[in-house]
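Participant: Okay, so here is input_22.cif, and as you'll see once you scroll down, it has mmCIF, N, CA and C atoms.
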data_upload
loop_
_atom_site.label_atom_id
_atom_site.label_comp_id
_atom_site.auth_asym_id
_atom_site.auth_seq_id
_atom_site.Cartn_x
_atom_site.Cartn_y
_atom_site.Cartn_z
N SER A 1 0.82 -1.19 0.00
CA SER A 1 0.00 0.00 0.00
C SER A 1 0.86 1.26 0.00
N ALA A 2 2.02 1.18 0.64
CA ALA A 2 2.90 2.36 0.72
C ALA A 2 3.75 2.52 -0.54
N ALA A 3 4.25 1.44 -1.07
CA ALA A 3 5.16 1.52 -2.22
C ALA A 3 4.43 1.73 -3.53
N LEU A 4 3.23 1.25 -3.66
CA LEU A 4 2.50 1.31 -4.93
C LEU A 4 2.31 2.74 -5.45
N PRO A 5 1.87 3.70 -4.64
CA PRO A 5 1.71 5.06 -5.18
C PRO A 5 3.04 5.69 -5.59
N ALA A 6 4.10 5.42 -4.86
CA ALA A 6 5.41 5.98 -5.22
C ALA A 6 5.89 5.40 -6.55
N VAL A 7 5.72 4.11 -6.75
CA VAL A 7 6.10 3.48 -8.01
C VAL A 7 5.22 4.00 -9.14
N ALA A 8 3.92 4.17 -8.89
CA ALA A 8 3.01 4.70 -9.90
C ALA A 8 3.42 6.12 -10.31
N PHE A 9 3.87 6.92 -9.35
CA PHE A 9 4.33 8.26 -9.68
C PHE A 9 5.60 8.22 -10.53
N MET A 10 6.53 7.35 -10.17
CA MET A 10 7.78 7.25 -10.94
C MET A 10 7.52 6.73 -12.36
N GLN A 11 6.50 5.91 -12.54
CA GLN A 11 6.16 5.40 -13.86
C GLN A 11 5.32 6.38 -14.67
N GLY A 12 4.84 7.44 -14.04
CA GLY A 12 4.04 8.43 -14.74
C GLY A 12 2.55 8.21 -14.67
N HIS A 13 2.08 7.26 -13.88
CA HIS A 13 0.65 7.01 -13.75
C HIS A 13 -0.02 8.06 -12.87
N LEU A 14 0.71 8.57 -11.91
CA LEU A 14 0.23 9.69 -11.09
C LEU A 14 0.96 10.94 -11.55
N THR A 15 0.21 11.95 -11.93
CA THR A 15 0.85 13.13 -12.50
C THR A 15 1.31 14.13 -11.44
N LEU A 16 0.70 14.10 -10.28
CA LEU A 16 1.06 15.04 -9.23
C LEU A 16 1.68 14.31 -8.04
N PRO A 17 2.83 14.78 -7.55
CA PRO A 17 3.43 14.09 -6.40
C PRO A 17 2.59 14.17 -5.13
N ILE A 18 1.71 15.16 -5.04
CA ILE A 18 0.86 15.24 -3.84
C ILE A 18 -0.19 14.14 -3.82
N MET A 19 -0.32 13.40 -4.93
CA MET A 19 -1.29 12.30 -4.96
C MET A 19 -0.76 11.04 -4.28
N ILE A 20 0.53 10.97 -4.02
CA ILE A 20 1.09 9.78 -3.37
C ILE A 20 0.43 9.51 -2.02
N PRO A 21 0.34 10.49 -1.10
CA PRO A 21 -0.35 10.19 0.17
C PRO A 21 -1.85 9.94 0.00
N VAL A 22 -2.46 10.57 -1.00
CA VAL A 22 -3.90 10.36 -1.24
C VAL A 22 -4.16 8.91 -1.64
N VAL A 23 -3.38 8.40 -2.58
CA VAL A 23 -3.55 7.02 -3.02
C VAL A 23 -3.16 6.05 -1.91
N PHE A 24 -2.12 6.38 -1.15
CA PHE A 24 -1.74 5.54 -0.02
C PHE A 24 -2.88 5.43 0.98
N PHE A 25 -3.48 6.55 1.33
CA PHE A 25 -4.57 6.57 2.30
C PHE A 25 -5.76 5.75 1.81
N SER A 26 -6.14 5.92 0.55
CA SER A 26 -7.30 5.18 0.04
C SER A 26 -6.99 3.69 -0.09
N ASN A 27 -5.77 3.32 -0.48
CA ASN A 27 -5.40 1.91 -0.54
C ASN A 27 -5.38 1.27 0.85
N ALA A 28 -4.91 2.02 1.83
CA ALA A 28 -4.87 1.49 3.21
C ALA A 28 -6.28 1.27 3.74
N ALA A 29 -7.19 2.22 3.50
CA ALA A 29 -8.58 2.06 3.94
C ALA A 29 -9.22 0.86 3.26
N TYR A 30 -8.96 0.70 1.98
CA TYR A 30 -9.48 -0.43 1.21
C TYR A 30 -8.98 -1.76 1.76
N ALA A 31 -7.68 -1.85 2.02
CA ALA A 31 -7.09 -3.09 2.52
C ALA A 31 -7.59 -3.43 3.91
N PHE A 32 -7.68 -2.44 4.80
CA PHE A 32 -8.16 -2.70 6.15
C PHE A 32 -9.63 -3.12 6.15
N PHE A 33 -10.44 -2.51 5.29
CA PHE A 33 -11.85 -2.90 5.23
C PHE A 33 -11.99 -4.31 4.70
N CYS A 34 -11.25 -4.64 3.66
CA CYS A 34 -11.33 -6.00 3.10
C CYS A 34 -10.90 -7.04 4.12
N LYS A 35 -9.89 -6.73 4.92
CA LYS A 35 -9.41 -7.67 5.94
C LYS A 35 -10.43 -7.82 7.06
N ALA A 36 -11.06 -6.73 7.46
CA ALA A 36 -11.98 -6.76 8.59
C ALA A 36 -13.37 -7.29 8.22
N SER A 37 -13.75 -7.18 6.96
CA SER A 37 -15.08 -7.58 6.54
C SER A 37 -15.20 -9.10 6.52
N GLN A 38 -16.28 -9.60 7.10
CA GLN A 38 -16.51 -11.04 7.15
C GLN A 38 -17.36 -11.54 5.98
N ARG A 39 -18.13 -10.65 5.38
CA ARG A 39 -19.05 -11.06 4.32
C ARG A 39 -18.50 -10.68 2.96
N ALA A 40 -18.61 -11.60 2.03
CA ALA A 40 -18.08 -11.39 0.68
C ALA A 40 -18.80 -10.26 -0.04
N CYS A 41 -20.10 -10.15 0.14
CA CYS A 41 -20.83 -9.10 -0.57
C CYS A 41 -20.41 -7.71 -0.09
N LEU A 42 -20.06 -7.58 1.17
CA LEU A 42 -19.55 -6.29 1.66
C LEU A 42 -18.20 -5.96 1.03
N ARG A 43 -17.35 -6.97 0.93
CA ARG A 43 -16.04 -6.73 0.31
C ARG A 43 -16.19 -6.33 -1.15
N ILE A 44 -17.09 -6.97 -1.85
CA ILE A 44 -17.24 -6.70 -3.28
C ILE A 44 -17.92 -5.35 -3.54
N LEU A 45 -18.93 -5.01 -2.76
CA LEU A 45 -19.71 -3.81 -3.03
C LEU A 45 -19.24 -2.57 -2.26
N VAL A 46 -18.93 -2.73 -0.99
CA VAL A 46 -18.64 -1.57 -0.15
C VAL A 46 -17.18 -1.15 -0.22
N ALA A 47 -16.25 -2.09 -0.30
CA ALA A 47 -14.83 -1.74 -0.30
C ALA A 47 -14.44 -0.82 -1.46
N PRO A 48 -14.90 -1.06 -2.69
CA PRO A 48 -14.57 -0.12 -3.77
C PRO A 48 -15.17 1.28 -3.56
N LEU A 49 -16.38 1.34 -3.01
CA LEU A 49 -16.99 2.64 -2.71
C LEU A 49 -16.23 3.36 -1.61
N LEU A 50 -15.77 2.62 -0.61
CA LEU A 50 -14.97 3.22 0.45
C LEU A 50 -13.66 3.77 -0.11
N LYS A 51 -13.02 3.02 -0.97
CA LYS A 51 -11.76 3.47 -1.56
C LYS A 51 -11.97 4.73 -2.39
N ALA A 52 -13.00 4.74 -3.23
CA ALA A 52 -13.28 5.91 -4.05
C ALA A 52 -13.66 7.12 -3.19
N SER A 53 -14.41 6.89 -2.12
CA SER A 53 -14.79 7.98 -1.22
C SER A 53 -13.58 8.55 -0.49
N CYS A 54 -12.73 7.68 -0.01
CA CYS A 54 -11.50 8.14 0.67
C CYS A 54 -10.61 8.92 -0.28
N MET A 55 -10.50 8.44 -1.52
CA MET A 55 -9.67 9.14 -2.50
C MET A 55 -10.26 10.52 -2.82
N THR A 56 -11.56 10.60 -2.96
CA THR A 56 -12.21 11.87 -3.26
C THR A 56 -12.03 12.86 -2.12
N ALA A 57 -12.29 12.42 -0.90
CA ALA A 57 -12.16 13.31 0.26
C ALA A 57 -10.72 13.77 0.46
N ALA A 58 -9.79 12.84 0.35
CA ALA A 58 -8.37 13.19 0.54
C ALA A 58 -7.88 14.11 -0.56
N PHE A 59 -8.33 13.89 -1.80
CA PHE A 59 -7.89 14.75 -2.89
C PHE A 59 -8.46 16.15 -2.75
N PHE A 60 -9.71 16.27 -2.30
CA PHE A 60 -10.26 17.60 -2.06
C PHE A 60 -9.49 18.32 -0.95
N ALA A 61 -9.12 17.59 0.10
CA ALA A 61 -8.35 18.20 1.17
C ALA A 61 -6.98 18.66 0.69
N VAL A 62 -6.29 17.80 -0.06
CA VAL A 62 -4.97 18.15 -0.56
C VAL A 62 -5.04 19.27 -1.59
N SER A 63 -6.04 19.24 -2.45
CA SER A 63 -6.16 20.29 -3.46
C SER A 63 -6.48 21.64 -2.83
N THR A 64 -7.24 21.65 -1.75
CA THR A 64 -7.50 22.89 -1.04
C THR A 64 -6.23 23.40 -0.36
N LEU A 65 -5.48 22.49 0.22
CA LEU A 65 -4.24 22.86 0.90
C LEU A 65 -3.22 23.45 -0.07
N PHE A 66 -3.09 22.86 -1.26
CA PHE A 66 -2.10 23.31 -2.24
C PHE A 66 -2.70 24.23 -3.32
N GLN A 67 -3.95 24.62 -3.15
CA GLN A 67 -4.65 25.55 -4.04
C GLN A 67 -4.58 25.13 -5.51
N ILE A 68 -5.02 23.92 -5.75
CA ILE A 68 -5.09 23.38 -7.11
C ILE A 68 -6.43 23.81 -7.70
N GLY A 69 -6.43 24.20 -8.97
CA GLY A 69 -7.64 24.68 -9.64
C GLY A 69 -8.73 23.64 -9.72
N PRO A 70 -10.00 24.08 -9.69
CA PRO A 70 -11.12 23.13 -9.71
C PRO A 70 -11.21 22.30 -10.99
N GLN A 71 -10.78 22.85 -12.14
CA GLN A 71 -10.84 22.07 -13.38
C GLN A 71 -9.93 20.85 -13.28
N LEU A 72 -8.74 21.04 -12.76
CA LEU A 72 -7.81 19.92 -12.60
C LEU A 72 -8.32 18.91 -11.58
N VAL A 73 -8.91 19.40 -10.51
CA VAL A 73 -9.45 18.51 -9.47
C VAL A 73 -10.54 17.63 -10.04
N TRP A 74 -11.51 18.20 -10.74
CA TRP A 74 -12.62 17.41 -11.29
C TRP A 74 -12.16 16.47 -12.39
N ARG A 75 -11.23 16.93 -13.21
CA ARG A 75 -10.70 16.06 -14.27
C ARG A 75 -10.00 14.85 -13.65
N PHE A 76 -9.20 15.11 -12.65
CA PHE A 76 -8.47 14.03 -11.98
C PHE A 76 -9.44 13.05 -11.32
N LEU A 77 -10.45 13.58 -10.63
CA LEU A 77 -11.40 12.70 -9.95
C LEU A 77 -12.24 11.88 -10.92
N LEU A 78 -12.61 12.45 -12.04
CA LEU A 78 -13.39 11.69 -13.01
C LEU A 78 -12.57 10.56 -13.63
N ILE A 79 -11.33 10.86 -13.95
CA ILE A 79 -10.49 9.84 -14.58
C ILE A 79 -10.05 8.80 -13.56
N TYR A 80 -9.38 9.23 -12.51
CA TYR A 80 -8.83 8.28 -11.55
C TYR A 80 -9.89 7.67 -10.64
N GLY A 81 -10.91 8.43 -10.28
CA GLY A 81 -11.94 7.89 -9.39
C GLY A 81 -12.68 6.73 -10.02
N GLY A 82 -13.08 6.89 -11.27
CA GLY A 82 -13.78 5.81 -11.96
C GLY A 82 -12.90 4.59 -12.16
N LEU A 83 -11.66 4.83 -12.55
CA LEU A 83 -10.74 3.70 -12.75
C LEU A 83 -10.43 2.99 -11.44
N GLN A 84 -10.25 3.76 -10.37
CA GLN A 84 -9.97 3.14 -9.08
C GLN A 84 -11.16 2.32 -8.60
N TRP A 85 -12.38 2.84 -8.80
CA TRP A 85 -13.55 2.06 -8.39
C TRP A 85 -13.64 0.78 -9.19
N ALA A 86 -13.46 0.87 -10.50
CA ALA A 86 -13.59 -0.31 -11.36
C ALA A 86 -12.55 -1.37 -11.02
N THR A 87 -11.29 -0.97 -10.86
CA THR A 87 -10.26 -1.96 -10.55
C THR A 87 -10.44 -2.53 -9.15
N SER A 88 -10.93 -1.73 -8.22
CA SER A 88 -11.20 -2.24 -6.87
C SER A 88 -12.32 -3.26 -6.90
N PHE A 89 -13.39 -2.94 -7.61
CA PHE A 89 -14.53 -3.86 -7.72
C PHE A 89 -14.12 -5.17 -8.37
N LEU A 90 -13.42 -5.07 -9.49
CA LEU A 90 -13.00 -6.29 -10.20
C LEU A 90 -12.00 -7.09 -9.38
N GLY A 91 -11.12 -6.41 -8.66
CA GLY A 91 -10.16 -7.11 -7.80
C GLY A 91 -10.85 -7.89 -6.68
N CYS A 92 -11.83 -7.28 -6.04
CA CYS A 92 -12.58 -7.97 -4.99
C CYS A 92 -13.38 -9.14 -5.55
N LEU A 93 -14.00 -8.93 -6.69
CA LEU A 93 -14.78 -10.00 -7.32
C LEU A 93 -13.88 -11.16 -7.71
N PHE A 94 -12.74 -10.87 -8.30
CA PHE A 94 -11.79 -11.92 -8.69
C PHE A 94 -11.29 -12.67 -7.46
N PHE A 95 -10.99 -11.95 -6.38
CA PHE A 95 -10.54 -12.60 -5.15
C PHE A 95 -11.59 -13.57 -4.62
N GLU A 96 -12.84 -13.13 -4.58
CA GLU A 96 -13.89 -14.00 -4.06
C GLU A 96 -14.07 -15.24 -4.92
N LEU A 97 -14.03 -15.08 -6.23
CA LEU A 97 -14.17 -16.23 -7.12
C LEU A 97 -13.00 -17.20 -6.96
N MET A 98 -11.79 -16.67 -6.88
CA MET A 98 -10.61 -17.53 -6.70
C MET A 98 -10.59 -18.19 -5.33
N ASP A 99 -11.02 -17.45 -4.31
CA ASP A 99 -11.05 -18.02 -2.96
C ASP A 99 -12.03 -19.19 -2.90
N ARG A 100 -13.18 -19.04 -3.50
CA ARG A 100 -14.15 -20.14 -3.52
C ARG A 100 -13.63 -21.32 -4.33
N ARG A 101 -13.01 -21.02 -5.43
CA ARG A 101 -12.48 -22.09 -6.28
C ARG A 101 -11.37 -22.88 -5.58
N LEU A 102 -10.45 -22.15 -4.95
CA LEU A 102 -9.31 -22.81 -4.30
C LEU A 102 -9.70 -23.54 -3.01
N SER A 103 -10.72 -23.04 -2.33
CA SER A 103 -11.14 -23.72 -1.10
C SER A 103 -12.09 -24.88 -1.38
N GLY A 104 -12.52 -25.04 -2.62
CA GLY A 104 -13.39 -26.16 -2.99
C GLY A 104 -14.85 -25.94 -2.65
N LYS A 105 -15.24 -24.72 -2.31
CA LYS A 105 -16.64 -24.44 -1.96
C LYS A 105 -17.55 -24.44 -3.18
N GLU A 106 -16.98 -24.04 -4.31
CA GLU A 106 -17.83 -23.89 -5.49
C GLU A 106 -16.96 -24.13 -6.71
N SER A 107 -17.51 -24.85 -7.67
CA SER A 107 -16.77 -25.03 -8.91
C SER A 107 -17.17 -23.95 -9.89
N VAL A 108 -16.20 -23.41 -10.58
CA VAL A 108 -16.46 -22.32 -11.52
C VAL A 108 -16.50 -22.87 -12.92
#
Could you quickly redo this structure as structure tokens?

Facilitator:
Amino acid sequence: SAALPAVAFMQGHLTLPIMIPVVFFSNAAYAFFCKASQRACLRILVAPLLKASCMTAAFFAVSTLFQIGPQLVWRFLLIYGGLQWATSFLGCLFFELMDRRLSGKESV
């Protein structure tokens, strides 16, 4: 969770260095919720929304602190927010399917 945003910035996936703590915070919230959640449907449905919400709130806080223009803020949130939600949702869904398959609970 800590190294991923720094590597993403070095690769050019994150355009602003102030996004490193924002992505770290949202990834940490996502990981802690997935670990604490006992029900699969909560992990699949709520964890991606929590991650997107944390990213949105943290980015608004950081953008206010560093006085980033609203056009850049909304553009960033539309692009990265949607992608983060989609990859989070698909990641949780894939984990649940693989977990069931590997534990022998359900054949796919």

Participant: How many Å separate atom C of Ser63 of chain A from atom CA of Cys34 of chain A?

Facilitator: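 Separating atom C of Ser63 of chain A from atom CA of Cys34 of chain A is a distance of 28.7 Å.
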
Participant: Kindly indicate which residue among A:Ile20, A:Ile68, A:Gly81, A:Asp99 lies nearest to Leu50 of chain A, using only C-alpha atoms for the distances.

Facilitator: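 Once distances to Leu50 of chain A are computed over only C-alpha atoms, the minimum belongs to A:Gly81.
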
Participant: The PyMOL selection byres ((chain A and resi 54-59) around 8) on the file shown: which residues, as a list in words?

Facilitator: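 That expression, the PyMOL selection byres ((chain A and resi 54-59) around 8), corresponds here to Ile18, Met19, Pro21, Val22, Val23, Phe25, Ser26, Asn27, Ala29, Tyr30, Pro48, Leu49, Leu50, Lys51, Ala52, Ser53, Phe60, Ala61, Val62, Ser63, Thr64, Leu65, Val73, Leu77 and Gly81 of chain A.
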
Participant: Quick one: pull the distance between atom CA of Arg101 of chain A and atom CA of Ile44 of chain A, Å, one decimal.

Facilitator: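 Computing it gives 16.4 Å between the two atoms.
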
Participant: Pull the neighbourhood of (-8.4, 4.5, -12.6) for me: all residues within 12 Å in file coordinates, counting only C-alpha atoms, as a list in words.

Facilitator: Ala8, His13, Leu14, Val23, Pro48, Lys51, Ala52, Met55, Arg75, Phe76, Leu77, Leu78, Ile79, Tyr80, Gly81, Gly82, Leu83, Gln84, Trp85, Ala86, Thr87, Ser88, Phe89 and Leu90 of chain A

Participant: So how far away is atom C of Gln11 of chain A from atom C of Trp74 of chain A, in Å?

Facilitator: 20.3 Å

Participant: Just list the residues in chain A DSSP gives alpha helix (DSSP H) on the backbone, as a PyMOL selection string.

Facilitator: chain A and resi 3-11+19-36+40-65+70-76+82-103

Participant: Counting all atoms listed in the file, which residues come within 7 Å of (1.2, 3.4, 4.7), with the point read in the file's coordinates, and could you list them as a PyMOL selection string?

Facilitator: chain A and resi 1-3+24-25+28

Participant: Can you sort out the box for segment 4-22 of chain A, edges along x, y and z, all listed atoms in, 4 Å on every side, with centre and edge lengths in Å to one decimal, as lines of an AutoDock Vina configuration file?

Facilitator:
center_x = 1.8
center_y = 8.2
center_z = -7.3
size_x = 19.9
size_y = 22.0
size_z = 22.9
